[in-house]
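Pasted below: target_13.cif, mmCIF, C-alpha atoms and all ligand atoms; chains and numbers go by the auth columns.
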data_start
loop_
_atom_site.group_PDB
_atom_site.id
_atom_site.type_symbol
_atom_site.label_atom_id
_atom_site.label_comp_id
_atom_site.label_asym_id
_atom_site.label_seq_id
_atom_site.Cartn_x
_atom_site.Cartn_y
_atom_site.Cartn_z
_atom_site.B_iso_or_equiv
_atom_site.auth_seq_id
_atom_site.auth_asym_id
ATOM 1 C CA MET A 1 -131.024 -46.690 -80.541 0.00 1 A
ATOM 2 C CA SER A 2 -130.260 -43.747 -82.814 0.00 2 A
ATOM 3 C CA VAL A 3 -127.454 -42.750 -85.153 0.00 3 A
ATOM 4 C CA ALA A 4 -126.514 -39.160 -86.064 0.00 4 A
ATOM 5 C CA LEU A 5 -125.872 -39.347 -89.833 0.00 5 A
ATOM 6 C CA ALA A 6 -125.035 -35.622 -89.819 0.00 6 A
ATOM 7 C CA PRO A 7 -125.767 -32.747 -87.409 0.00 7 A
ATOM 8 C CA GLY A 8 -129.583 -32.672 -87.108 0.00 8 A
ATOM 9 C CA LEU A 9 -130.087 -35.818 -89.218 0.00 9 A
ATOM 10 C CA ILE A 10 -130.954 -38.601 -86.778 0.00 10 A
ATOM 11 C CA HIS A 11 -131.707 -42.165 -87.866 0.00 11 A
ATOM 12 C CA HIS A 12 -133.759 -44.385 -85.550 0.00 12 A
ATOM 13 C CA PRO A 13 -133.469 -47.878 -87.098 0.00 13 A
ATOM 14 C CA GLY A 14 -136.443 -50.122 -86.308 0.00 14 A
ATOM 15 C CA TYR A 15 -138.232 -47.410 -84.311 0.00 15 A
ATOM 16 C CA LEU A 16 -141.594 -49.053 -85.107 0.00 16 A
ATOM 17 C CA ASP A 17 -141.684 -52.799 -84.402 0.00 17 A
ATOM 18 C CA GLY A 18 -143.625 -55.278 -86.566 0.00 18 A
ATOM 19 C CA PRO A 19 -147.017 -54.779 -84.885 0.00 19 A
ATOM 20 C CA ALA A 20 -146.607 -50.967 -84.943 0.00 20 A
ATOM 21 C CA CYS A 21 -145.719 -51.101 -88.675 0.00 21 A
ATOM 22 C CA ARG A 22 -148.849 -53.137 -89.362 0.00 22 A
ATOM 23 C CA ARG A 23 -150.951 -50.738 -87.304 0.00 23 A
ATOM 24 C CA LEU A 24 -149.535 -47.714 -89.160 0.00 24 A
ATOM 25 C CA ALA A 25 -150.053 -49.450 -92.535 0.00 25 A
ATOM 26 C CA ALA A 26 -153.716 -50.090 -91.625 0.00 26 A
ATOM 27 C CA GLU A 27 -154.121 -46.420 -90.645 0.00 27 A
ATOM 28 C CA VAL A 28 -152.533 -45.336 -93.950 0.00 28 A
ATOM 29 C CA ALA A 29 -154.799 -47.722 -95.885 0.00 29 A
ATOM 30 C CA ALA A 30 -157.817 -46.057 -94.223 0.00 30 A
ATOM 31 C CA VAL A 31 -156.516 -42.585 -95.176 0.00 31 A
ATOM 32 C CA LEU A 32 -156.002 -43.665 -98.798 0.00 32 A
ATOM 33 C CA ALA A 33 -159.403 -45.400 -98.972 0.00 33 A
ATOM 34 C CA ALA A 34 -161.044 -42.065 -98.065 0.00 34 A
ATOM 35 C CA SER A 35 -158.594 -39.844 -99.987 0.00 35 A
ATOM 36 C CA PRO A 36 -157.141 -41.647 -103.018 0.00 36 A
ATOM 37 C CA PRO A 37 -153.489 -41.503 -104.097 0.00 37 A
ATOM 38 C CA PHE A 38 -152.755 -39.063 -106.946 0.00 38 A
ATOM 39 C CA THR A 39 -149.852 -38.588 -109.351 0.00 39 A
ATOM 40 C CA PRO A 40 -148.122 -35.225 -108.866 0.00 40 A
ATOM 41 C CA ARG A 41 -146.789 -33.495 -112.002 0.00 41 A
ATOM 42 C CA MET A 42 -143.766 -31.242 -112.528 0.00 42 A
ATOM 43 C CA PRO A 43 -144.776 -27.547 -112.609 0.00 43 A
ATOM 44 C CA ARG A 44 -143.051 -26.485 -115.839 0.00 44 A
ATOM 45 C CA SER A 45 -142.919 -29.651 -117.903 0.00 45 A
ATOM 46 C CA ASP A 46 -146.183 -31.256 -116.647 0.00 46 A
ATOM 47 C CA LYS A 47 -144.178 -34.518 -116.494 0.00 47 A
ATOM 48 C CA PRO A 48 -145.657 -36.999 -113.996 0.00 48 A
ATOM 49 C CA PHE A 49 -143.664 -38.012 -110.911 0.00 49 A
ATOM 50 C CA SER A 50 -142.988 -41.752 -110.738 0.00 50 A
ATOM 51 C CA VAL A 51 -143.942 -41.625 -107.050 0.00 51 A
ATOM 52 C CA ARG A 52 -147.661 -41.507 -106.255 0.00 52 A
ATOM 53 C CA MET A 53 -148.804 -39.473 -103.267 0.00 53 A
ATOM 54 C CA GLY A 54 -151.473 -39.137 -100.659 0.00 54 A
ATOM 55 C CA GLY A 55 -151.867 -36.716 -97.812 0.00 55 A
ATOM 56 C CA ALA A 56 -153.308 -36.183 -94.357 0.00 56 A
ATOM 57 C CA GLY A 57 -153.577 -33.302 -91.932 0.00 57 A
ATOM 58 C CA PRO A 58 -154.888 -29.722 -92.045 0.00 58 A
ATOM 59 C CA VAL A 59 -152.859 -29.210 -95.251 0.00 59 A
ATOM 60 C CA SER A 60 -150.809 -31.402 -97.568 0.00 60 A
ATOM 61 C CA TRP A 61 -148.462 -30.921 -100.499 0.00 61 A
ATOM 62 C CA VAL A 62 -149.504 -30.978 -104.143 0.00 62 A
ATOM 63 C CA SER A 63 -147.699 -30.312 -107.406 0.00 63 A
ATOM 64 C CA ASP A 64 -149.188 -29.585 -110.820 0.00 64 A
ATOM 65 C CA LYS A 65 -148.760 -27.153 -113.740 0.00 65 A
ATOM 66 C CA GLN A 66 -149.473 -24.204 -111.380 0.00 66 A
ATOM 67 C CA GLY A 67 -146.577 -25.145 -109.096 0.00 67 A
ATOM 68 C CA TYR A 68 -145.796 -26.727 -105.740 0.00 68 A
ATOM 69 C CA ARG A 69 -147.877 -25.800 -102.704 0.00 69 A
ATOM 70 C CA TYR A 70 -149.531 -26.892 -99.492 0.00 70 A
ATOM 71 C CA GLN A 71 -153.318 -26.756 -99.619 0.00 71 A
ATOM 72 C CA PRO A 72 -156.210 -27.850 -97.363 0.00 72 A
ATOM 73 C CA HIS A 73 -157.914 -30.092 -99.918 0.00 73 A
ATOM 74 C CA HIS A 74 -157.201 -33.040 -102.216 0.00 74 A
ATOM 75 C CA PRO A 75 -156.255 -31.891 -105.763 0.00 75 A
ATOM 76 C CA GLU A 76 -158.771 -34.171 -107.509 0.00 76 A
ATOM 77 C CA THR A 77 -161.669 -34.775 -105.110 0.00 77 A
ATOM 78 C CA GLY A 78 -161.590 -31.281 -103.547 0.00 78 A
ATOM 79 C CA GLU A 79 -162.266 -32.904 -100.164 0.00 79 A
ATOM 80 C CA PRO A 80 -160.328 -31.977 -97.017 0.00 80 A
ATOM 81 C CA TRP A 81 -157.427 -34.311 -96.214 0.00 81 A
ATOM 82 C CA PRO A 82 -158.131 -36.984 -93.560 0.00 82 A
ATOM 83 C CA PRO A 83 -156.585 -36.632 -90.087 0.00 83 A
ATOM 84 C CA ILE A 84 -152.934 -37.630 -89.585 0.00 84 A
ATOM 85 C CA PRO A 85 -152.653 -41.320 -88.556 0.00 85 A
ATOM 86 C CA PRO A 86 -152.391 -41.614 -84.742 0.00 86 A
ATOM 87 C CA THR A 87 -149.337 -43.901 -84.836 0.00 87 A
ATOM 88 C CA ALA A 88 -147.486 -41.234 -86.860 0.00 88 A
ATOM 89 C CA LEU A 89 -148.581 -38.471 -84.455 0.00 89 A
ATOM 90 C CA ALA A 90 -147.261 -40.512 -81.526 0.00 90 A
ATOM 91 C CA ALA A 91 -143.880 -40.823 -83.272 0.00 91 A
ATOM 92 C CA TRP A 92 -143.780 -37.018 -83.776 0.00 92 A
ATOM 93 C CA GLU A 93 -144.470 -36.502 -80.073 0.00 93 A
ATOM 94 C CA ALA A 94 -141.712 -38.946 -79.142 0.00 94 A
ATOM 95 C CA LEU A 95 -139.013 -37.885 -81.611 0.00 95 A
ATOM 96 C CA ALA A 96 -139.545 -34.380 -83.023 0.00 96 A
ATOM 97 C CA ALA A 97 -138.728 -32.370 -79.852 0.00 97 A
ATOM 98 C CA TYR A 98 -140.927 -29.582 -81.192 0.00 98 A
ATOM 99 C CA PRO A 99 -143.657 -27.792 -79.215 0.00 99 A
ATOM 100 C CA ALA A 100 -146.387 -27.839 -81.889 0.00 100 A
ATOM 101 C CA PRO A 101 -148.123 -30.649 -83.767 0.00 101 A
ATOM 102 C CA PRO A 102 -147.415 -31.472 -87.425 0.00 102 A
ATOM 103 C CA GLU A 103 -149.708 -29.809 -89.977 0.00 103 A
ATOM 104 C CA ALA A 104 -149.020 -32.057 -92.971 0.00 104 A
ATOM 105 C CA CYS A 105 -148.427 -35.760 -93.469 0.00 105 A
ATOM 106 C CA LEU A 106 -147.223 -36.553 -96.990 0.00 106 A
ATOM 107 C CA ILE A 107 -147.622 -40.162 -98.029 0.00 107 A
ATOM 108 C CA ASN A 108 -145.202 -41.243 -100.775 0.00 108 A
ATOM 109 C CA LEU A 109 -145.963 -44.511 -102.562 0.00 109 A
ATOM 110 C CA TYR A 110 -143.078 -46.182 -104.409 0.00 110 A
ATOM 111 C CA ALA A 111 -143.808 -49.082 -106.717 0.00 111 A
ATOM 112 C CA PRO A 112 -140.769 -51.340 -107.215 0.00 112 A
ATOM 113 C CA GLY A 113 -138.394 -49.585 -109.639 0.00 113 A
ATOM 114 C CA THR A 114 -139.462 -46.017 -108.870 0.00 114 A
ATOM 115 C CA ARG A 115 -137.215 -43.341 -107.410 0.00 115 A
ATOM 116 C CA MET A 116 -137.165 -39.726 -106.220 0.00 116 A
ATOM 117 C CA GLY A 117 -134.478 -37.431 -107.563 0.00 117 A
ATOM 118 C CA LEU A 118 -132.207 -35.294 -105.392 0.00 118 A
ATOM 119 C CA HIS A 119 -134.138 -32.256 -104.077 0.00 119 A
ATOM 120 C CA GLN A 120 -134.570 -29.887 -101.144 0.00 120 A
ATOM 121 C CA ASP A 121 -137.789 -29.465 -99.142 0.00 121 A
ATOM 122 C CA ARG A 122 -138.315 -25.721 -98.865 0.00 122 A
ATOM 123 C CA ASP A 123 -142.007 -25.122 -99.551 0.00 123 A
ATOM 124 C CA GLU A 124 -142.668 -24.748 -95.796 0.00 124 A
ATOM 125 C CA GLU A 125 -142.591 -21.402 -93.935 0.00 125 A
ATOM 126 C CA ASP A 126 -141.080 -22.929 -90.824 0.00 126 A
ATOM 127 C CA PHE A 127 -137.579 -24.362 -91.193 0.00 127 A
ATOM 128 C CA ASP A 128 -137.118 -24.369 -87.393 0.00 128 A
ATOM 129 C CA ALA A 129 -139.359 -27.411 -87.134 0.00 129 A
ATOM 130 C CA PRO A 130 -137.905 -30.785 -88.097 0.00 130 A
ATOM 131 C CA VAL A 131 -139.384 -33.194 -90.640 0.00 131 A
ATOM 132 C CA LEU A 132 -140.087 -36.726 -89.396 0.00 132 A
ATOM 133 C CA SER A 133 -139.962 -39.614 -91.897 0.00 133 A
ATOM 134 C CA LEU A 134 -141.402 -43.083 -91.255 0.00 134 A
ATOM 135 C CA SER A 135 -140.734 -45.959 -93.669 0.00 135 A
ATOM 136 C CA LEU A 136 -142.940 -48.980 -94.399 0.00 136 A
ATOM 137 C CA GLY A 137 -142.603 -51.858 -96.844 0.00 137 A
ATOM 138 C CA SER A 138 -139.570 -52.551 -98.985 0.00 138 A
ATOM 139 C CA PRO A 139 -136.141 -51.202 -98.045 0.00 139 A
ATOM 140 C CA ALA A 140 -134.904 -48.130 -99.923 0.00 140 A
ATOM 141 C CA LEU A 141 -131.560 -46.520 -100.667 0.00 141 A
ATOM 142 C CA PHE A 142 -131.727 -42.955 -99.255 0.00 142 A
ATOM 143 C CA ARG A 143 -129.104 -40.492 -100.525 0.00 143 A
ATOM 144 C CA TYR A 144 -128.289 -37.235 -98.738 0.00 144 A
ATOM 145 C CA GLY A 145 -125.817 -34.470 -99.358 0.00 145 A
ATOM 146 C CA GLY A 146 -125.420 -30.885 -98.199 0.00 146 A
ATOM 147 C CA LEU A 147 -126.895 -27.448 -98.680 0.00 147 A
ATOM 148 C CA ALA A 148 -125.331 -27.113 -102.134 0.00 148 A
ATOM 149 C CA ARG A 149 -126.516 -29.497 -104.819 0.00 149 A
ATOM 150 C CA SER A 150 -122.912 -30.225 -105.763 0.00 150 A
ATOM 151 C CA ASP A 151 -121.911 -31.238 -102.206 0.00 151 A
ATOM 152 C CA PRO A 152 -120.736 -34.851 -101.813 0.00 152 A
ATOM 153 C CA THR A 153 -123.452 -37.353 -100.892 0.00 153 A
ATOM 154 C CA ARG A 154 -123.663 -40.463 -98.733 0.00 154 A
ATOM 155 C CA SER A 155 -126.247 -43.226 -98.785 0.00 155 A
ATOM 156 C CA VAL A 156 -128.017 -45.224 -96.121 0.00 156 A
ATOM 157 C CA ARG A 157 -130.596 -47.978 -96.431 0.00 157 A
ATOM 158 C CA LEU A 158 -133.989 -47.158 -94.902 0.00 158 A
ATOM 159 C CA MET A 159 -135.796 -50.246 -93.612 0.00 159 A
ATOM 160 C CA PRO A 160 -139.465 -50.688 -92.698 0.00 160 A
ATOM 161 C CA GLY A 161 -140.082 -49.253 -89.237 0.00 161 A
ATOM 162 C CA ASP A 162 -137.162 -46.818 -89.470 0.00 162 A
ATOM 163 C CA ALA A 163 -137.679 -43.219 -88.382 0.00 163 A
ATOM 164 C CA LEU A 164 -135.537 -40.343 -89.597 0.00 164 A
ATOM 165 C CA VAL A 165 -135.613 -36.890 -87.987 0.00 165 A
ATOM 166 C CA ILE A 166 -134.359 -34.115 -90.254 0.00 166 A
ATOM 167 C CA GLY A 167 -133.843 -30.832 -88.454 0.00 167 A
ATOM 168 C CA GLY A 168 -131.413 -28.139 -87.397 0.00 168 A
ATOM 169 C CA PRO A 169 -128.511 -27.707 -89.811 0.00 169 A
ATOM 170 C CA SER A 170 -129.763 -30.632 -91.955 0.00 170 A
ATOM 171 C CA ARG A 171 -133.268 -29.260 -92.588 0.00 171 A
ATOM 172 C CA LEU A 172 -132.362 -27.927 -96.065 0.00 172 A
ATOM 173 C CA ILE A 173 -129.996 -30.644 -97.279 0.00 173 A
ATOM 174 C CA HIS A 174 -130.390 -32.242 -100.706 0.00 174 A
ATOM 175 C CA HIS A 175 -131.768 -35.782 -100.570 0.00 175 A
ATOM 176 C CA GLY A 176 -133.538 -38.419 -102.636 0.00 176 A
ATOM 177 C CA ILE A 177 -134.403 -42.090 -103.009 0.00 177 A
ATOM 178 C CA ASP A 178 -132.182 -43.938 -105.504 0.00 178 A
ATOM 179 C CA ARG A 179 -133.771 -47.358 -105.427 0.00 179 A
ATOM 180 C CA ILE A 180 -136.346 -49.610 -103.853 0.00 180 A
ATOM 181 C CA TYR A 181 -135.162 -53.092 -102.953 0.00 181 A
ATOM 182 C CA GLY A 182 -138.203 -55.036 -104.111 0.00 182 A
ATOM 183 C CA GLY A 183 -136.007 -58.147 -104.096 0.00 183 A
ATOM 184 C CA GLN A 184 -137.150 -61.526 -105.348 0.00 184 A
ATOM 185 C CA ASP A 185 -135.448 -63.022 -102.299 0.00 185 A
ATOM 186 C CA LEU A 186 -137.111 -60.573 -99.890 0.00 186 A
ATOM 187 C CA LEU A 187 -140.235 -61.878 -98.193 0.00 187 A
ATOM 188 C CA ALA A 188 -142.243 -58.722 -98.794 0.00 188 A
ATOM 189 C CA ASP A 189 -145.432 -58.003 -96.858 0.00 189 A
ATOM 190 C CA ASP A 190 -148.312 -56.703 -98.964 0.00 190 A
ATOM 191 C CA ILE A 191 -148.425 -53.514 -96.883 0.00 191 A
ATOM 192 C CA LEU A 192 -151.163 -51.639 -98.790 0.00 192 A
ATOM 193 C CA PRO A 193 -153.148 -54.230 -100.746 0.00 193 A
ATOM 194 C CA GLY A 194 -154.896 -52.720 -103.773 0.00 194 A
ATOM 195 C CA LEU A 195 -153.077 -49.398 -103.294 0.00 195 A
ATOM 196 C CA LEU A 196 -149.430 -50.329 -103.939 0.00 196 A
ATOM 197 C CA PRO A 197 -147.966 -53.311 -105.829 0.00 197 A
ATOM 198 C CA LEU A 198 -146.358 -56.092 -103.791 0.00 198 A
ATOM 199 C CA GLY A 199 -142.752 -55.101 -103.058 0.00 199 A
ATOM 200 C CA GLY A 200 -143.619 -51.412 -102.890 0.00 200 A
ATOM 201 C CA ARG A 201 -142.608 -48.901 -100.235 0.00 201 A
ATOM 202 C CA CYS A 202 -144.538 -46.233 -98.371 0.00 202 A
ATOM 203 C CA ASN A 203 -142.901 -43.241 -96.699 0.00 203 A
ATOM 204 C CA LEU A 204 -144.702 -40.773 -94.452 0.00 204 A
ATOM 205 C CA THR A 205 -143.275 -37.326 -93.725 0.00 205 A
ATOM 206 C CA LEU A 206 -144.715 -35.182 -90.939 0.00 206 A
ATOM 207 C CA ARG A 207 -144.104 -31.459 -91.239 0.00 207 A
ATOM 208 C CA ARG A 208 -144.861 -28.049 -89.867 0.00 208 A
ATOM 209 C CA VAL A 209 -145.885 -25.733 -92.683 0.00 209 A
ATOM 210 C CA THR A 210 -146.695 -22.449 -90.912 0.00 210 A
ATOM 211 C CA LYS A 211 -144.814 -20.876 -88.029 0.00 211 A
ATOM 212 C CA ALA A 212 -146.452 -21.959 -84.761 0.00 212 A
ATOM 213 C CA ALA A 213 -148.210 -19.131 -82.893 0.00 213 A
ATOM 214 C CA ASN A 214 -146.867 -18.428 -79.368 0.00 214 A
ATOM 215 C CA SER A 215 -143.992 -20.887 -79.711 0.00 215 A
ATOM 216 C CA ASP A 216 -140.489 -20.241 -78.431 0.00 216 A
ATOM 217 C CA ALA A 217 -139.061 -21.650 -81.637 0.00 217 A
ATOM 218 C CA ASP A 218 -138.867 -18.274 -83.401 0.00 218 A
HETATM 219 C C1 LIG B . -134.132 -34.316 -95.744 0.00 1 B
HETATM 220 N N1 LIG B . -139.170 -38.336 -99.095 0.00 1 B
HETATM 221 O O1 LIG B . -141.175 -36.523 -99.105 0.00 1 B
HETATM 222 S S1 LIG B . -137.690 -39.445 -96.486 0.00 1 B
HETATM 223 C C2 LIG B . -140.020 -36.107 -99.343 0.00 1 B
HETATM 224 O O2 LIG B . -138.380 -41.682 -98.643 0.00 1 B
HETATM 225 C C3 LIG B . -138.893 -37.065 -99.381 0.00 1 B
HETATM 226 O O3 LIG B . -140.082 -40.720 -99.560 0.00 1 B
HETATM 227 C C4 LIG B . -138.195 -39.390 -99.186 0.00 1 B
HETATM 228 O O4 LIG B . -137.815 -36.687 -99.649 0.00 1 B
HETATM 229 C C5 LIG B . -138.932 -40.696 -99.102 0.00 1 B
HETATM 230 O O5 LIG B . -139.747 -34.918 -99.545 0.00 1 B
HETATM 231 C C6 LIG B . -137.127 -39.280 -98.153 0.00 1 B
HETATM 232 C C7 LIG B . -136.383 -38.643 -95.612 0.00 1 B
HETATM 233 C C8 LIG B . -136.443 -37.164 -95.709 0.00 1 B
HETATM 234 C C9 LIG B . -137.642 -36.503 -95.688 0.00 1 B
HETATM 235 C C10 LIG B . -137.694 -35.122 -95.686 0.00 1 B
HETATM 236 C C11 LIG B . -136.518 -34.384 -95.703 0.00 1 B
HETATM 237 C C12 LIG B . -135.277 -36.452 -95.741 0.00 1 B
HETATM 238 C C13 LIG B . -135.305 -35.062 -95.740 0.00 1 B
HETATM 239 C C14 LIG B . -136.547 -32.978 -95.665 0.00 1 B
HETATM 240 C C15 LIG B . -135.383 -32.277 -95.652 0.00 1 B
HETATM 241 C C16 LIG B . -134.168 -32.941 -95.690 0.00 1 B
HETATM 242 FE FE FE B . -137.794 -34.510 -99.563 0.00 2 B
#
This structure in structure tokens:
Amino acid sequence: MSVALAPGLIHHPGYLDGPACRRLAAEVAAVLAASPPFTPRMPRSDKPFSVRMGGAGPVSWVSDKQGYRYQPHHPETGEPWPPIPPTALAAWEALAAYPAPPEACLINLYAPGTRMGLHQDRDEEDFDAPVLSLSLGSPALFRYGGLARSDPTRSVRLMPGDALVIGGPSRLIHHGIDRIYGGQDLLADDILPGLLPLGGRCNLTLRRVTKAANSDAD
């Protein structure tokens, strides 16, 4: 089942079932055990993000006083990023409809009460490729608008196991996470014990960064 939220913005509620979510969470835990989460900082102000991040793949995204960029190594350990989790790669193959594999897997870690402000993702060279998002843990309120920051926005709740494909005319829309539902009444799984507080959320985004050689996409 899938729902077009906008042209190119396709929501697949419950794409990963319970066992697949647990398998992906275990794969993410292994990535973060080898390559620890870090706190990105705003380029100009040096203000820390409230979201913590990890990464996997040939490159991943970092942000510090020097700016935003994709790089092949962890910003603190200097080690190469671990491989992209296989369950996430399988979802890319099933949903992305793109002839080249993802090069980056950003891992966003939201403690209860954290958020991500409205932004665009435009640090990649290849906007022909979609971005694939996979959600684990607590539900979140995802807000999305248009190409202009002042365009009207709508909101949708992202649940654990949901996939979202962001491509085509939606690739450069403004979007953010307004809240995490770490509800007292919600029976939260401890998805990443020791890495994220109970009631937290983890989001993976798979991306192309460079233009694929010999692809028909350009
Ligand atoms: C729309 N992550 O990592 S996922 C991000 O839940 C990011 O952690 C949010 O925004 C999260 O940059 C939202 C859905 C998503 C991901 C990438 C997009 C929506 C997007 C890229 C372009 C447009
Ligand atoms: Fe984003």
Under the PyMOL selection byres (((chain A and resi 71) around 12) and not hetatm), which residues of this model are included? Write them out as a compact mmCIF listing (two decimals) with C-alpha atoms, in the frame of the given file.
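part_1.txt, freshly written:
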# COMPACT_ATOMS: atom_id res chain seq x y z
CA GLY A 55 -151.87 -36.72 -97.81
CA ALA A 56 -153.31 -36.18 -94.36
CA GLY A 57 -153.58 -33.30 -91.93
CA PRO A 58 -154.89 -29.72 -92.04
CA VAL A 59 -152.86 -29.21 -95.25
CA SER A 60 -150.81 -31.40 -97.57
CA TRP A 61 -148.46 -30.92 -100.50
CA VAL A 62 -149.50 -30.98 -104.14
CA SER A 63 -147.70 -30.31 -107.41
CA GLY A 67 -146.58 -25.14 -109.10
CA TYR A 68 -145.80 -26.73 -105.74
CA ARG A 69 -147.88 -25.80 -102.70
CA TYR A 70 -149.53 -26.89 -99.49
CA PRO A 72 -156.21 -27.85 -97.36
CA HIS A 73 -157.91 -30.09 -99.92
CA HIS A 74 -157.20 -33.04 -102.22
CA PRO A 75 -156.26 -31.89 -105.76
CA GLY A 78 -161.59 -31.28 -103.55
CA GLU A 79 -162.27 -32.90 -100.16
CA PRO A 80 -160.33 -31.98 -97.02
CA TRP A 81 -157.43 -34.31 -96.21
CA GLU A 103 -149.71 -29.81 -89.98
CA ALA A 104 -149.02 -32.06 -92.97
CA CYS A 105 -148.43 -35.76 -93.47
CA LEU A 106 -147.22 -36.55 -96.99
CA ASP A 123 -142.01 -25.12 -99.55
CA GLU A 124 -142.67 -24.75 -95.80
CA VAL A 209 -145.88 -25.73 -92.68
CA THR A 210 -146.70 -22.45 -90.91
- Query: When you draw a straight line from atom CA of Pro139 of chain A to atom CA of Met53 of chain A, how long is it in Å?
  - Reply: 18.0 Å
Rows by chain and residue number, segment 72-183 of chain A within 9 Å of segment 196-202 of chain A, shortest pair, only C-alpha atoms, as a Markdown table:
| residue | atom | partner | partner_atom | distance |
| --- | --- | --- | --- | --- |
| A:Ile107 | CA | A:Cys202 | CA | 6.8 |
| A:Asn108 | CA | A:Cys202 | CA | 5.6 |
| A:Leu109 | CA | A:Cys202 | CA | 4.7 |
| A:Tyr110 | CA | A:Arg201 | CA | 5.0 |
| A:Ala111 | CA | A:Gly200 | CA | 4.5 |
| A:Pro112 | CA | A:Gly200 | CA | 5.2 |
| A:Gly113 | CA | A:Gly200 | CA | 8.7 |
| A:Leu134 | CA | A:Cys202 | CA | 8.4 |
| A:Ser135 | CA | A:Cys202 | CA | 6.1 |
| A:Leu136 | CA | A:Cys202 | CA | 5.1 |
| A:Gly137 | CA | A:Arg201 | CA | 4.5 |
| A:Ser138 | CA | A:Arg201 | CA | 4.9 |
| A:Pro139 | CA | A:Arg201 | CA | 7.2 |
| A:Ala140 | CA | A:Arg201 | CA | 7.7 |
| A:Pro160 | CA | A:Arg201 | CA | 8.4 |
| A:Ile180 | CA | A:Arg201 | CA | 7.3 |
| A:Tyr181 | CA | A:Gly199 | CA | 7.9 |
| A:Gly182 | CA | A:Gly199 | CA | 4.7 |
| A:Gly183 | CA | A:Gly199 | CA | 7.5 |
- Selection within 8 Å of ligand FE 2 (chain B) by only C-alpha atoms and all ligand atoms, output as JSON, numbers by chain: {"A": [119, 120, 121, 174, 175, 176]}
- Message: Could you tell me how far atom CA of Pro40 of chain A sits from atom CA of Thr114 of chain A, in Å to one decimal place?
- Response: 13.8 Å
Can you sort out the box for ligand LIG 1 (chain B), edges along x, y and z, all listed atoms in, 5 Å on every side, with centre and edge lengths in Å to one decimal, as JSON?
{"center_x": -137.7, "center_y": -37.0, "center_z": -97.6, "size_x": 17.0, "size_y": 19.4, "size_z": 14.0}
- In Å to one decimal, how far is atom CA of Arg208 of chain A from atom CA of Leu16 of chain A? 21.8 Å
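Distances from A:Gly146, A:Thr39, A:Asp190, A:Asp64 to Ala6 of chain A were compared using all atoms listed in the file, and the smallest one belongs to A:Gly146.
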